[in-house]
Every structure is written in structure tokens, then in C-alpha cells.
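Enquirer: Input model-v6.txt, format and content: compact mmCIF, C-alpha atoms and all ligand atoms.
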# COMPACT_ATOMS: atom_id res chain seq x y z
CA MET A 1 0.00 0.00 0.00
CA ALA A 2 2.87 2.34 0.78
CA THR A 3 4.07 2.18 -2.79
CA LYS A 4 0.61 3.13 -4.08
CA LEU A 5 0.60 6.09 -1.75
CA GLN A 6 4.08 7.05 -2.95
CA GLU A 7 2.90 6.90 -6.53
CA ILE A 8 -0.03 9.17 -5.67
CA HIS A 9 2.40 11.73 -4.26
CA GLU A 10 4.74 11.42 -7.26
CA LEU A 11 1.92 11.81 -9.76
CA ALA A 12 0.44 14.76 -7.89
CA ALA A 13 3.86 16.45 -7.77
CA ARG A 14 4.38 15.81 -11.47
CA LEU A 15 1.01 17.41 -12.31
CA LYS A 16 2.08 20.68 -10.62
CA ARG A 17 -1.51 21.86 -10.25
CA PRO A 18 -4.42 21.29 -7.92
CA VAL A 19 -6.46 18.21 -8.79
CA GLN A 20 -10.10 17.79 -7.74
CA LEU A 21 -11.72 14.39 -7.77
CA MET A 22 -15.28 13.57 -6.81
CA GLU A 23 -16.27 10.41 -5.00
CA VAL A 24 -19.84 10.03 -6.12
CA CYS A 25 -20.97 7.41 -3.65
CA GLY A 26 -21.72 7.99 0.03
CA THR A 27 -20.20 4.66 0.97
CA HIS A 28 -16.92 5.87 -0.56
CA THR A 29 -17.15 9.12 1.41
CA MET A 30 -17.44 7.13 4.63
CA ALA A 31 -14.70 4.67 3.66
CA ILE A 32 -12.30 7.51 2.79
CA PHE A 33 -12.85 9.18 6.15
CA ARG A 34 -12.85 5.99 8.21
CA THR A 35 -9.51 4.90 6.81
CA GLY A 36 -7.96 8.29 7.47
CA LEU A 37 -6.87 8.39 3.84
CA ARG A 38 -7.52 12.12 3.50
CA ASN A 39 -4.70 12.95 5.89
CA LEU A 40 -2.19 10.94 3.84
CA LEU A 41 -2.92 12.54 0.49
CA PRO A 42 -0.91 15.36 -1.07
CA ALA A 43 -2.24 18.86 -0.38
CA SER A 44 -2.79 19.48 -4.09
CA LEU A 45 -5.25 16.57 -4.30
CA ARG A 46 -8.77 17.39 -3.18
CA LEU A 47 -11.59 14.92 -2.77
CA LEU A 48 -15.13 16.23 -3.05
CA SER A 49 -18.22 14.27 -2.08
CA GLY A 50 -21.00 13.93 -4.62
CA PRO A 51 -24.74 13.25 -4.70
CA GLY A 52 -24.45 9.52 -3.98
CA CYS A 53 -26.13 9.22 -0.59
CA PRO A 54 -29.65 7.95 -1.32
CA VAL A 55 -31.24 9.27 1.86
CA CYS A 56 -29.58 12.69 1.44
CA VAL A 57 -30.84 13.32 -2.09
CA THR A 58 -34.42 12.36 -1.24
CA PRO A 59 -36.37 15.61 -1.42
CA ASP A 60 -38.65 17.05 1.25
CA ARG A 61 -41.78 16.34 -0.78
CA TYR A 62 -41.12 12.62 -0.52
CA LEU A 63 -40.62 12.89 3.23
CA ASP A 64 -43.88 14.82 3.47
CA GLN A 65 -45.66 11.97 1.72
CA ALA A 66 -44.05 9.36 3.98
CA LEU A 67 -45.26 11.34 7.01
CA ILE A 68 -48.79 11.61 5.64
CA LEU A 69 -48.87 7.85 5.08
CA ALA A 70 -47.44 7.06 8.52
CA ASN A 71 -50.15 9.22 10.08
CA THR A 72 -52.95 7.56 8.11
CA PRO A 73 -54.89 5.10 10.31
CA GLY A 74 -54.49 1.52 9.14
CA THR A 75 -51.30 2.30 7.24
CA VAL A 76 -47.78 1.30 8.28
CA VAL A 77 -44.67 2.81 6.69
CA ALA A 78 -41.82 0.29 6.41
CA THR A 79 -38.40 1.85 5.87
CA PHE A 80 -34.66 1.41 6.12
CA GLY A 81 -33.53 2.88 9.44
CA ASP A 82 -31.55 5.68 7.76
CA MET A 83 -34.76 7.45 6.78
CA LEU A 84 -36.13 7.55 10.31
CA ARG A 85 -34.33 10.60 11.63
CA VAL A 86 -34.23 12.78 8.52
CA PRO A 87 -35.81 16.09 9.50
CA GLY A 88 -38.54 16.98 7.02
CA ARG A 89 -40.77 20.03 6.94
CA GLY A 90 -43.23 18.20 9.18
CA GLY A 91 -40.55 16.72 11.45
CA SER A 92 -38.97 13.28 11.18
CA LEU A 93 -40.62 9.88 10.92
CA GLU A 94 -39.07 9.08 14.28
CA ALA A 95 -40.77 12.05 15.94
CA ALA A 96 -44.04 11.12 14.25
CA ARG A 97 -43.70 7.55 15.54
CA ALA A 98 -43.25 8.85 19.07
CA ARG A 99 -46.60 10.59 18.60
CA GLY A 100 -48.26 7.37 17.45
CA ALA A 101 -47.58 7.20 13.70
CA GLN A 102 -47.00 3.70 12.35
CA VAL A 103 -43.38 3.23 11.28
CA GLN A 104 -41.61 -0.11 11.01
CA VAL A 105 -37.85 -0.33 10.45
CA VAL A 106 -36.73 -3.05 8.03
CA TYR A 107 -33.37 -4.20 6.69
CA SER A 108 -34.67 -5.39 3.37
CA PRO A 109 -37.80 -5.19 1.19
CA LEU A 110 -38.02 -8.90 2.04
CA ASP A 111 -38.70 -7.96 5.67
CA ALA A 112 -41.28 -5.39 4.60
CA LEU A 113 -43.07 -7.95 2.47
CA GLN A 114 -43.04 -10.48 5.32
CA PHE A 115 -44.36 -7.85 7.69
CA ALA A 116 -47.21 -7.11 5.28
CA ALA A 117 -48.01 -10.80 4.92
CA ALA A 118 -48.17 -11.10 8.72
CA HIS A 119 -50.47 -8.05 9.05
CA PRO A 120 -53.11 -8.49 6.35
CA ASP A 121 -55.42 -6.01 8.08
CA ARG A 122 -52.98 -3.13 7.52
CA ARG A 123 -51.73 -1.35 4.46
CA VAL A 124 -47.93 -1.60 4.46
CA VAL A 125 -46.04 0.99 2.40
CA PHE A 126 -42.34 0.36 1.83
CA LEU A 127 -40.25 3.47 1.18
CA GLY A 128 -38.36 2.63 -2.00
CA ILE A 129 -35.20 4.69 -1.67
CA GLY A 130 -31.84 4.09 -3.26
CA PHE A 131 -29.98 3.82 -6.54
CA GLU A 132 -29.41 1.02 -9.03
CA THR A 133 -28.10 -1.22 -6.24
CA THR A 134 -31.26 -1.17 -4.15
CA ALA A 135 -33.98 -0.65 -6.76
CA PRO A 136 -33.92 -4.30 -8.00
CA THR A 137 -34.68 -5.54 -4.48
CA THR A 138 -37.79 -3.32 -4.42
CA ALA A 139 -38.68 -4.50 -7.94
CA TRP A 140 -38.53 -8.07 -6.71
CA ALA A 141 -40.81 -7.32 -3.75
CA LEU A 142 -43.35 -5.54 -6.00
CA LYS A 143 -43.48 -8.48 -8.33
CA GLU A 144 -43.69 -11.01 -5.54
CA ALA A 145 -46.49 -9.08 -3.78
CA THR A 146 -48.68 -8.97 -6.87
CA ASP A 147 -49.80 -12.56 -6.44
CA SER A 148 -49.59 -13.10 -2.74
CA VAL A 149 -49.59 -9.96 -0.58
CA PRO A 150 -52.38 -7.53 -1.60
CA ASN A 151 -51.66 -5.11 1.26
CA PHE A 152 -48.03 -4.37 0.23
CA PHE A 153 -47.30 -1.07 -1.53
CA VAL A 154 -44.27 1.00 -2.47
CA LEU A 155 -43.76 4.74 -2.41
CA CYS A 156 -41.18 4.87 -5.15
CA GLY A 157 -38.32 7.32 -4.72
CA HIS A 158 -35.65 5.27 -6.51
CA LYS A 159 -33.09 7.15 -8.54
CA THR A 160 -30.46 6.37 -11.12
CA MET A 161 -27.01 7.87 -11.40
CA PRO A 162 -26.18 8.74 -15.02
CA ALA A 163 -28.61 11.61 -15.68
CA ALA A 164 -27.86 13.17 -12.30
CA LEU A 165 -24.10 13.07 -12.91
CA ALA A 166 -24.62 14.52 -16.37
CA ALA A 167 -26.64 17.39 -14.87
CA LEU A 168 -23.99 18.00 -12.23
CA LEU A 169 -21.16 18.04 -14.76
CA LYS A 170 -23.11 20.14 -17.25
CA SER A 171 -23.76 22.81 -14.64
CA GLY A 172 -20.02 23.48 -14.48
CA GLU A 173 -20.46 24.60 -10.89
CA VAL A 174 -17.53 22.54 -9.66
CA ARG A 175 -14.36 21.98 -11.62
CA LEU A 176 -13.47 18.29 -11.60
CA ASP A 177 -10.51 16.36 -12.96
CA GLY A 178 -11.99 12.90 -12.54
CA LEU A 179 -14.55 10.73 -10.80
CA ILE A 180 -14.34 7.84 -8.37
CA CYS A 181 -17.42 6.00 -9.60
CA PRO A 182 -19.70 3.99 -7.32
CA GLY A 183 -18.81 0.33 -6.94
CA HIS A 184 -22.11 -1.20 -5.93
CA VAL A 185 -24.26 0.75 -8.39
CA SER A 186 -21.96 -0.70 -11.05
CA VAL A 187 -22.36 -4.27 -9.78
CA ILE A 188 -25.95 -4.03 -11.04
CA ALA A 189 -25.90 -1.45 -13.82
CA GLY A 190 -22.42 -2.20 -15.20
CA ALA A 191 -19.47 0.17 -15.51
CA ARG A 192 -20.59 1.09 -19.03
CA ILE A 193 -23.24 3.46 -17.64
CA PHE A 194 -20.37 5.90 -17.04
CA ASP A 195 -19.00 5.74 -20.61
CA PHE A 196 -20.64 9.08 -21.43
CA ILE A 197 -18.45 10.89 -18.88
CA PRO A 198 -15.11 10.53 -20.69
CA ARG A 199 -16.87 10.83 -24.04
CA GLU A 200 -18.91 13.97 -23.37
CA PHE A 201 -16.99 15.64 -20.56
CA GLY A 202 -13.46 14.36 -21.17
CA LEU A 203 -13.11 13.21 -17.57
CA PRO A 204 -11.47 9.98 -16.40
CA CYS A 205 -13.57 7.59 -14.32
CA VAL A 206 -12.50 4.68 -12.14
CA VAL A 207 -15.09 2.32 -10.67
CA THR A 208 -13.55 1.64 -7.29
CA GLY A 209 -14.00 -0.77 -4.37
CA PHE A 210 -14.34 0.19 -0.74
CA GLU A 211 -11.28 -1.17 1.08
CA PRO A 212 -8.26 1.06 1.69
CA ALA A 213 -6.20 -0.81 -0.90
CA ASP A 214 -9.02 -0.34 -3.42
CA LEU A 215 -9.26 3.38 -2.73
CA LEU A 216 -5.50 3.92 -3.15
CA ASP A 217 -5.51 1.89 -6.32
CA GLY A 218 -8.50 3.87 -7.63
CA LEU A 219 -6.74 7.18 -6.96
CA VAL A 220 -3.51 5.99 -8.63
CA ARG A 221 -5.46 4.94 -11.71
CA LEU A 222 -7.24 8.30 -11.90
CA LEU A 223 -4.00 10.27 -11.50
CA ARG A 224 -2.28 8.13 -14.14
CA GLN A 225 -5.08 8.92 -16.58
CA ILE A 226 -4.88 12.62 -15.75
CA ALA A 227 -1.09 12.68 -16.08
CA GLY A 228 -1.28 10.75 -19.35
CA GLN A 229 -4.09 13.02 -20.58
CA ARG A 230 -6.33 10.04 -21.08
CA ALA A 231 -9.99 9.72 -20.17
CA THR A 232 -11.67 6.33 -20.05
CA VAL A 233 -13.80 4.29 -17.67
CA GLU A 234 -11.52 1.89 -15.79
CA ILE A 235 -12.75 -0.83 -13.45
CA GLN A 236 -10.61 -1.10 -10.35
CA TYR A 237 -13.26 -3.12 -8.47
CA ARG A 238 -12.83 -6.11 -10.80
CA ARG A 239 -13.86 -8.68 -8.24
CA CYS A 240 -17.43 -7.33 -8.29
CA VAL A 241 -17.92 -5.19 -11.38
CA THR A 242 -18.12 -5.92 -15.09
CA ALA A 243 -18.85 -3.54 -17.97
CA ALA A 244 -22.29 -5.07 -18.49
CA GLY A 245 -23.44 -5.61 -14.88
CA ASN A 246 -26.00 -8.07 -13.52
CA ALA A 247 -28.35 -8.96 -16.41
CA LYS A 248 -30.97 -10.68 -14.26
CA ALA A 249 -31.35 -7.68 -11.95
CA GLN A 250 -31.43 -5.29 -14.92
CA ALA A 251 -34.22 -7.31 -16.56
CA LEU A 252 -36.27 -7.21 -13.37
CA LEU A 253 -35.71 -3.46 -13.06
CA ALA A 254 -36.87 -2.89 -16.63
CA GLU A 255 -39.92 -5.09 -16.11
CA VAL A 256 -41.19 -3.32 -12.99
CA PHE A 257 -39.94 0.25 -13.39
CA GLU A 258 -39.64 2.82 -16.15
CA PRO A 259 -37.44 5.93 -16.23
CA CYS A 260 -39.03 9.20 -15.17
CA ALA A 261 -38.05 12.70 -14.11
CA ALA A 262 -37.04 12.84 -10.47
CA ASP A 263 -36.46 15.56 -7.96
CA TRP A 264 -33.11 15.54 -6.13
CA ARG A 265 -32.29 17.51 -3.03
CA GLY A 266 -29.58 19.90 -4.14
CA LEU A 267 -29.85 19.16 -7.84
CA GLY A 268 -33.56 19.80 -8.40
CA PRO A 269 -35.69 18.05 -11.01
CA ILE A 270 -33.70 16.03 -13.56
CA PRO A 271 -35.36 14.30 -16.54
CA GLY A 272 -34.65 10.57 -16.75
CA SER A 273 -33.01 10.35 -13.33
CA GLY A 274 -35.69 8.42 -11.48
CA LEU A 275 -37.68 5.22 -11.64
CA ARG A 276 -41.44 4.93 -11.44
CA ILE A 277 -43.63 1.88 -11.15
CA ARG A 278 -44.94 0.65 -14.51
CA ALA A 279 -48.66 0.54 -15.25
CA ALA A 280 -48.70 -3.26 -14.88
CA TYR A 281 -47.85 -2.81 -11.19
CA ALA A 282 -49.79 0.42 -10.63
CA GLY A 283 -51.99 -1.32 -8.07
CA ARG A 284 -48.95 -1.52 -5.78
CA ASP A 285 -48.00 2.14 -6.19
CA ALA A 286 -48.64 4.19 -3.05
CA GLU A 287 -48.82 7.32 -5.24
CA GLY A 288 -52.22 5.98 -6.20
CA PHE A 289 -53.70 6.75 -2.78
CA CYS A 290 -51.23 9.07 -1.04
CA PRO A 291 -52.62 12.62 -0.93
CA ALA A 292 -50.36 15.25 -2.47
CA PRO A 293 -48.59 17.16 0.30
CA PRO A 294 -49.39 20.84 0.49
CA ASP A 295 -46.98 23.02 -1.46
CA ALA A 296 -44.62 24.28 1.17
CA ALA A 297 -41.47 26.32 1.23
CA PRO A 298 -38.62 24.88 -0.81
CA ASP A 299 -36.10 22.45 0.64
CA ASP A 300 -33.36 23.85 2.86
CA VAL A 301 -35.68 26.40 4.43
CA ARG A 302 -34.25 25.45 7.82
CA GLY A 303 -30.91 27.00 6.96
CA CYS A 304 -29.43 23.64 6.05
CA ARG A 305 -26.94 23.78 3.16
CA CYS A 306 -27.23 20.09 2.20
CA GLY A 307 -28.04 21.07 -1.36
CA GLU A 308 -24.66 22.71 -1.87
CA VAL A 309 -22.88 19.93 0.01
CA LEU A 310 -24.46 17.37 -2.34
CA ARG A 311 -23.25 19.31 -5.39
CA GLY A 312 -19.72 19.45 -4.04
CA VAL A 313 -19.67 23.26 -3.92
CA LEU A 314 -19.64 23.50 -0.12
CA THR A 315 -17.85 21.38 2.46
CA PRO A 316 -19.77 20.78 5.69
CA PRO A 317 -17.52 22.93 7.93
CA GLN A 318 -18.46 25.87 5.69
CA CYS A 319 -22.09 25.47 6.78
CA PRO A 320 -22.74 27.84 9.70
CA LEU A 321 -24.87 25.21 11.44
CA PHE A 322 -22.22 22.45 11.26
CA ARG A 323 -21.29 21.16 14.73
CA GLN A 324 -23.24 24.09 16.27
CA ALA A 325 -26.96 23.79 15.67
CA CYS A 326 -26.49 20.63 13.60
CA THR A 327 -25.03 17.44 15.07
CA PRO A 328 -25.83 13.73 14.62
CA ASP A 329 -27.87 13.89 17.84
CA SER A 330 -29.81 16.89 16.67
CA PRO A 331 -29.53 16.92 12.88
CA ARG A 332 -30.81 19.84 10.82
CA GLY A 333 -30.40 18.14 7.48
CA ALA A 334 -30.32 14.76 5.80
CA CYS A 335 -26.54 14.88 5.22
CA MET A 336 -25.97 14.80 9.00
CA VAL A 337 -28.34 11.87 9.56
CA SER A 338 -27.46 9.23 7.04
CA SER A 339 -24.64 6.81 7.73
CA GLU A 340 -23.42 7.80 4.25
CA GLY A 341 -23.97 11.53 4.62
CA THR A 342 -21.06 13.87 3.99
CA CYS A 343 -21.81 16.05 7.03
CA ALA A 344 -21.98 12.97 9.26
CA ALA A 345 -18.62 11.83 7.87
CA TYR A 346 -16.99 15.22 8.58
CA TYR A 347 -18.54 15.29 12.03
CA ARG A 348 -17.26 11.87 12.99
CA TYR A 349 -13.82 11.96 11.46
CA THR A 350 -12.52 15.53 11.40
CA MET B 1 -27.02 -3.42 4.64
CA CYS B 2 -24.45 -3.28 1.92
CA LEU B 3 -22.11 -5.91 3.25
CA ALA B 4 -19.08 -6.25 1.04
CA ILE B 5 -18.06 -9.20 3.14
CA PRO B 6 -17.94 -12.51 1.34
CA ALA B 7 -21.06 -14.37 2.42
CA ARG B 8 -20.77 -18.13 1.98
CA VAL B 9 -23.86 -19.92 0.74
CA VAL B 10 -24.56 -22.91 3.00
CA GLU B 11 -28.04 -23.92 1.83
CA VAL B 12 -30.05 -23.30 -1.34
CA ASN B 13 -33.78 -23.80 -1.59
CA GLY B 14 -35.09 -22.38 -4.87
CA ASP B 15 -34.59 -18.61 -4.64
CA GLN B 16 -33.99 -18.77 -0.89
CA ALA B 17 -30.60 -19.34 0.65
CA LEU B 18 -28.98 -19.61 4.01
CA ILE B 19 -25.70 -17.72 4.05
CA GLU B 20 -22.93 -17.40 6.56
CA VAL B 21 -21.23 -14.06 7.26
CA LEU B 22 -18.37 -14.02 9.77
CA GLY B 23 -19.75 -17.16 11.39
CA VAL B 24 -23.36 -15.93 11.64
CA ARG B 25 -26.11 -17.44 9.51
CA HIS B 26 -28.76 -15.33 7.78
CA ALA B 27 -31.54 -15.89 5.27
CA ALA B 28 -30.93 -14.28 1.88
CA SER B 29 -32.65 -14.14 -1.48
CA LEU B 30 -31.07 -15.44 -4.68
CA ALA B 31 -33.80 -13.93 -6.87
CA LEU B 32 -31.41 -11.42 -8.46
CA LEU B 33 -28.57 -13.76 -9.33
CA GLU B 34 -28.29 -16.73 -11.70
CA GLY B 35 -26.68 -20.04 -10.89
CA VAL B 36 -25.79 -19.80 -7.21
CA GLN B 37 -24.74 -23.05 -5.54
CA VAL B 38 -23.86 -24.21 -2.06
CA GLY B 39 -20.27 -23.21 -1.31
CA ASP B 40 -20.34 -20.08 -3.51
CA TYR B 41 -19.38 -16.68 -2.09
CA VAL B 42 -21.76 -13.81 -2.82
CA LEU B 43 -21.95 -10.04 -2.33
CA LEU B 44 -25.03 -9.16 -0.29
CA HIS B 45 -27.16 -6.03 -0.33
CA ALA B 46 -30.42 -5.52 1.58
CA GLY B 47 -30.89 -9.24 1.96
CA PHE B 48 -30.20 -10.09 -1.69
CA ALA B 49 -27.17 -11.71 -3.30
CA LEU B 50 -26.11 -9.38 -6.12
CA HIS B 51 -22.85 -10.85 -7.35
CA LYS B 52 -21.08 -14.19 -7.23
CA TRP B 53 -17.41 -14.13 -6.35
CA THR B 54 -14.98 -16.64 -7.75
CA ALA B 55 -12.96 -18.33 -5.02
CA PRO B 56 -9.82 -16.20 -5.68
CA GLU B 57 -11.95 -13.00 -5.63
CA ALA B 58 -13.51 -14.01 -2.33
CA ARG B 59 -10.04 -14.71 -0.89
CA GLU B 60 -8.84 -11.31 -2.16
CA GLN B 61 -11.80 -9.58 -0.52
CA GLU B 62 -11.20 -11.46 2.71
CA ALA B 63 -7.50 -10.59 2.73
CA LEU B 64 -8.28 -6.91 2.15
CA LEU B 65 -10.78 -6.99 4.97
CA GLN B 66 -8.30 -8.57 7.32
CA GLU B 67 -5.94 -5.65 6.66
CA VAL B 68 -8.76 -3.33 7.64
CA PHE B 69 -9.71 -5.27 10.74
CA ALA B 70 -6.08 -5.36 11.82
CA ALA B 71 -5.80 -1.60 11.37
CA GLU B 72 -9.07 -0.84 13.09
CA GLU B 73 -9.02 -3.10 16.10
CA ASN B 74 -10.67 -0.49 18.25
CA GLU B 75 -13.31 0.70 15.91
CA PRO B 76 -16.31 -1.44 15.05
CA ARG B 77 -16.75 -1.65 11.33
CA ARG B 78 -19.83 0.11 10.06
CA GLN B 79 -21.48 -0.66 6.82
CA ALA B 80 -23.80 1.73 5.16
CA ALA B 81 -26.88 1.49 3.04
CA GLY B 82 -26.47 1.25 -0.60
CA GLY B 83 -25.45 3.86 -3.11
S1 LIG C 1 -24.09 20.62 8.65
FE1 LIG C 1 -26.25 20.15 9.01
S2 LIG C 1 -27.35 21.99 8.44
FE2 LIG C 1 -25.29 22.15 7.54
S3 LIG C 1 -25.50 21.27 5.49
FE3 LIG C 1 -24.89 19.61 6.83
S4 LIG C 1 -26.81 18.65 7.46
FE4 LIG C 1 -27.35 20.68 6.64
Go ahead and render the structure in this file as C-alpha cells.
Expert:
Amino acid sequence: MATKLQEIHELAARLKRPVQLMEVCGTHTMAIFRTGLRNLLPASLRLLSGPGCPVCVTPDRYLDQALILANTPGTVVATFGDMLRVPGRGGSLEAARARGAQVQVVYSPLDALQFAAAHPDRRVVFLGIGFETTAPTTAWALKEATDSVPNFFVLCGHKTMPAALAALLKSGEVRLDGLICPGHVSVIAGARIFDFIPREFGLPCVVTGFEPADLLDGLVRLLRQIAGQRATVEIQYRRCVTAAGNAKAQALLAEVFEPCAADWRGLGPIPGSGLRIRAAYAGRDAEGFCPAPPDAAPDDVRGCRCGEVLRGVLTPPQCPLFRQACTPDSPRGACMVSSEGTCAAYYRYT
Amino acid sequence: MCLAIPARVVEVNGDQALIEVLGVRHAASLALLEGVQVGDYVLLHAGFALHKWTAPEAREQEALLQEVFAAEENEPRRQAAGG
């Protein structure tokens, strides 16, 4: 590992200019902090966190809907634990639960489906959050429920990476020299989904694993491309990722979901960046019965700067609330709550 | 949820499997992966096997993890939900 680190320093010195790389995925952000890697890197090499934390990019409107459902008698909201403490405009699901709203924490859509099967008298709505990695598991549950569990529904907030990254890069708001691309999204979708980045934006991409040795190797590969003035999609995380991805999961995704416009915290509405439930499964779609939340003030009205953090234009310590009004115990924004959130990572490790 | 720890498949029953992670057994679904057999190592996410590791890949992953565990004796390893 030491030699990889040496090579990073040599390449950075050879480049003689500041280099900014974005790690797109929240799991990478956490891994980079946890390993202390940041402190070992050359000063000219800056790592920015991107919009790859699924809980963080989920907009307030979705949280509003989840709250409405949890407060509807006879309805139970089943969700991954990360969503519980996100402060929405109407408070968090956790606070609502303390006041009697029905919220069940699950580790998998499998658990949510089992819970629904065990409680046929209640309407169980699973919060479908997450990127290409998680969406197929929701797709499976939707399909499975169609025959056997009539009281299982999904509020679909699933998102996909390519259109969001394209929007981020097109905006030109941050200057990047390359991207550390998400490993587990690529397990499903295949590394080829990032091919447009070198082609249209001239930026090198390396699909990277999550162990320290992977991260160092990913950085070396990116710096080598930059130094050699090359831009391609390389797969560092070879033991999990292929160019084409997992065909079975992709087929299931395409069968149950179709692309749609989606709203991202920080990035706003982006055409083709979300997944919605196809007409064949419309009976399972909680949008069918969830009342539209009242139009309220835009996201970030609480002074939280998550939006800018998610675009890589602001680091958490630059947010006036960071560590003061906003801590993991009393979070003001989603980025401080999620185990993959950039603010939570800065809070824990800096 | 997004365990990048090699999970060993110890029982297969249609799309259902019993897997072992660090000595603990869990139920998992094989609905998203073709051709999984007893003895295979898989990558797990939210209760589903998403990728099958070859034996050398699983050993590589395990070796990398051991480096991490050795370096982080005092800090429990946290895994995050899936991006
Ligand atoms: S520190 Fe808190 S308030 Fe500031 S951007 Fe992060 S989550 Fe929002």
C-alpha cells in the first residue's frame, strides 16, 4: 500500500496543479474518512463528495408523503432505518412515531413484504429509496407481492445515477478532474453506464472498491489517466464489477420500473433520473392513494446547506450550522443523519 | 445493509438461501442472481445476493478486509446502506 501512496504523491507532484476528484458514492465518502486516507494525500489533491447518498438526495416532498402515510390510520410505513431521523418540513418519521404514527424499520424489502403478509389487516407501504443497487430488491418485492400480498405497496423514490451526474457536470459549478465512480451501483448497472463521462466531458472515471487498498488503487489509476491526458472508464473493483453488470437484476428493473423525471435535493428536477412503477404494477404504487402534500417552502428552508454539500460546492464545515446547531444527535439536514452523509462523515472523522 | 463481506452460501432452496457471514447465519434471497450453488461466495445487499465471487476473488476480498480489521481493532466496522 505504501508504494501506491508514494505513486499518488509522485503523480500529484508531477502534475504541478491542484487536482479535484469527486467520490460520487456515500459509501466511498465514509470509507475515505474511516480509513484516514484524506490525511495521507498530497495537499494538491482534493476529494469532493458527490450526490451519492440515497437518503440525502431524497427531497422534502417525498418525506412529506411518507409522514402523511405514517399518520394515516391503518397504514404502516416500512423503511430502512436511515430514513427515520431525517428532518422533514413536518418533522422526522421518528418524531411522528413517538406521537403514534405507524413506522416499522426493516433491513430489506423482504422484511417489509413479510411484515405485510403477517399483518393483512394493515396497508404496508415500503419506502423505495436508493440507486441502481437497491432498486432491483424493491422490484422483486413488488413483483412477488402482486400474487400473494395484496396489502403491500411501495412509495417509489428510486433514482439512477447517469442523468444526475450529467446534470452536475453540465452545470459546471464545480471543476473536476476525474470521478471515483460507485462500486455497488456498477455491480448491477455495469461500468458502461459511465461511458458518457469521458466521451462527453473528457473526464477519467475509475469504478472503485471500498477497502483502503481499493481506494488507493482507484486514486492511482485516476492520476495516471490525468497525467497521461487520457480519459476512459476503468474498473478497479474487478472482483465485483463488469462492464455489463447483472443482467438478471437489470431485466427485473426494466420489467417493474420505467425511467421518469425525479427531484433531487440539491440538484432539483432532472429528466430521466428516477424510476417509477410501470402501469402493470400500478396497483402496488402508493402514489395511487397518497394525498399530495401541500406546497410548502422549498427544501433547505431550515438554513441547512445540504443542497450545496451534495453538489460538491460547499464542504460541511463551511455550513454555519455544522457542529453548532447541527449534530448527529440533533440533525438539521439529511446529510448529517445518514450513515453515508457527507456532514456525518466530517462530524465523525474531522 | 451493503455488506461487502464474502457471504458463503450454506443452503439453497429455490430462490432462498442460508448464508454465513463471519460465522453468523442469515436468510438471503437469490432472486437477483443466476446459478448460485452451495459453497459459492456472494456479495449481499439488503438481503439479496447481487454478485457471485470466484474463489480467488472471495479470498482477495477477505484478505483486504483482514488488513482493515487489523488496522481498526478499536473501531467497530460500520457498513452503510447502498449507493
Ligand atoms: S451541517 Fe447540518 S445543516 Fe449544515 S449542510 Fe450539513 S446537514 Fe445541513
Enquirer: Restricting the calculation to all atoms listed in the file, which member of A:Val77, A:Ala70, A:Asp82, A:Gly266 is positioned closest to Arg99 of chain A?
Expert: A:Ala70
Enquirer: Counting only C-alpha atoms, which residue out of A:Glu23, A:Glu94, A:Asp177, A:Asp263 sits closest to chain B?
Expert: A:Glu23
Enquirer: Using only C-alpha atoms, which residues sit within 10 Å of Tyr281 of chain A once same-chain residues fewer than 3 positions away are excluded, as a list in words?
Expert: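 Surrounding residues, per the criterion: Ala139, Leu142, Lys143, Ala145, Thr146, Phe153, Glu255, Val256, Phe257, Ile277, Arg278, Arg284 and Asp285 of chain A.
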Enquirer: Please provide as a list in words all residues within 12 Å of Glu7 of chain A, with the sequence filter that same-chain residues fewer than 5 positions apart are discarded (counting only C-alpha atoms).
Expert: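 Counting only the stated atoms, we get Met1, Ala2, Ala12, Ala13, Arg14, Leu41, Pro42, Leu216, Asp217, Gly218, Leu219, Val220, Arg221, Leu222, Leu223, Arg224 and Ala227 of chain A.
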Enquirer: I want to know what sits within 10 Å of segment 25-42 of chain B, based on only C-alpha atoms, with residues of the same chain fewer than 5 positions away left out; could you give that as a VMD selection string?
Expert: (chain A and resid 108 110 136 to 137 140 188 240 246 to 252) or (chain B and resid 3 to 20 47 to 55 57 to 59)
Enquirer: Do me a favour and pick out the residues of chain A within 7 Å of chain B, using only C-alpha atoms, as a PyMOL selection string.
Expert: chain A and resi 25-27+52-54+107-108+130-131+133-134+137+184-185+211+239-240+248-249+339-340
Enquirer: Go through A:Leu215, A:Leu169, A:Cys181, A:Leu69 one by one, measure the shortest atom-to-atom distance of each to Glu200 of chain A using all atoms listed in the file, and give the residue with the smallest value.
Expert: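 Using all atoms listed in the file, Glu200 of chain A sits closest to A:Leu169.
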Enquirer: Give me, as number ranges by chain, the set of residues whose atoms come within 12 Å of any atom of ligand LIG 1 (chain C), counting only C-alpha atoms and all ligand atoms.
Expert: A: 55-57, 85-88, 265-266, 299-338, 340-348
Enquirer: May I ask for the distance between atom CA of Glu10 of chain A and atom CA of Asp214 of chain A, given in Å to one decimal place?
Expert: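 About the pair atom CA of Glu10 of chain A and atom CA of Asp214 of chain A: they are 18.5 Å apart.
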Enquirer: Give me, as an MDAnalysis selection string, all polymer residues having an atom no more than 9 Å from Ala286 of chain A, counting all atoms listed in the file and skipping those fewer than 5 positions away in the same chain.
Expert: chainID A and resid 69 125:126 153:156
Enquirer: Quick one: pull the distance between atom CA of Pro162 of chain A and atom CA of Glu132 of chain A, Å, one decimal.
Expert: 10.3 Å
Enquirer: Neighbourhood query: residues within 7 Å of (-49.9, 16.4, -2.2), file coordinates, counting only C-alpha atoms; return as number ranges by chain.
Expert: A: 291-294
Enquirer: Identify, on the basis of all atoms listed in the file, every residue whose closest approach to Gly81 of chain A does not exceed 8 Å; exclude the query and any residue fewer than 3 positions from it along the same chain; express the result as a count of residues only.
Expert: 4
Enquirer: Please report the interatomic distance between atom CA of Gly288 of chain A and atom CA of Ile270 of chain A in Å with one decimal.
Expert: 22.3 Å
Enquirer: Would you mind telling me which residue in A:Cys260, A:Gly128, A:Pro269, A:Ala213 lies nearest to Thr35 of chain A when using all atoms listed in the file?
Expert: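 Checking each of A:Cys260, A:Gly128, A:Pro269, A:Ala213 against Thr35 of chain A, counting all atoms listed in the file, the winner is A:Ala213.
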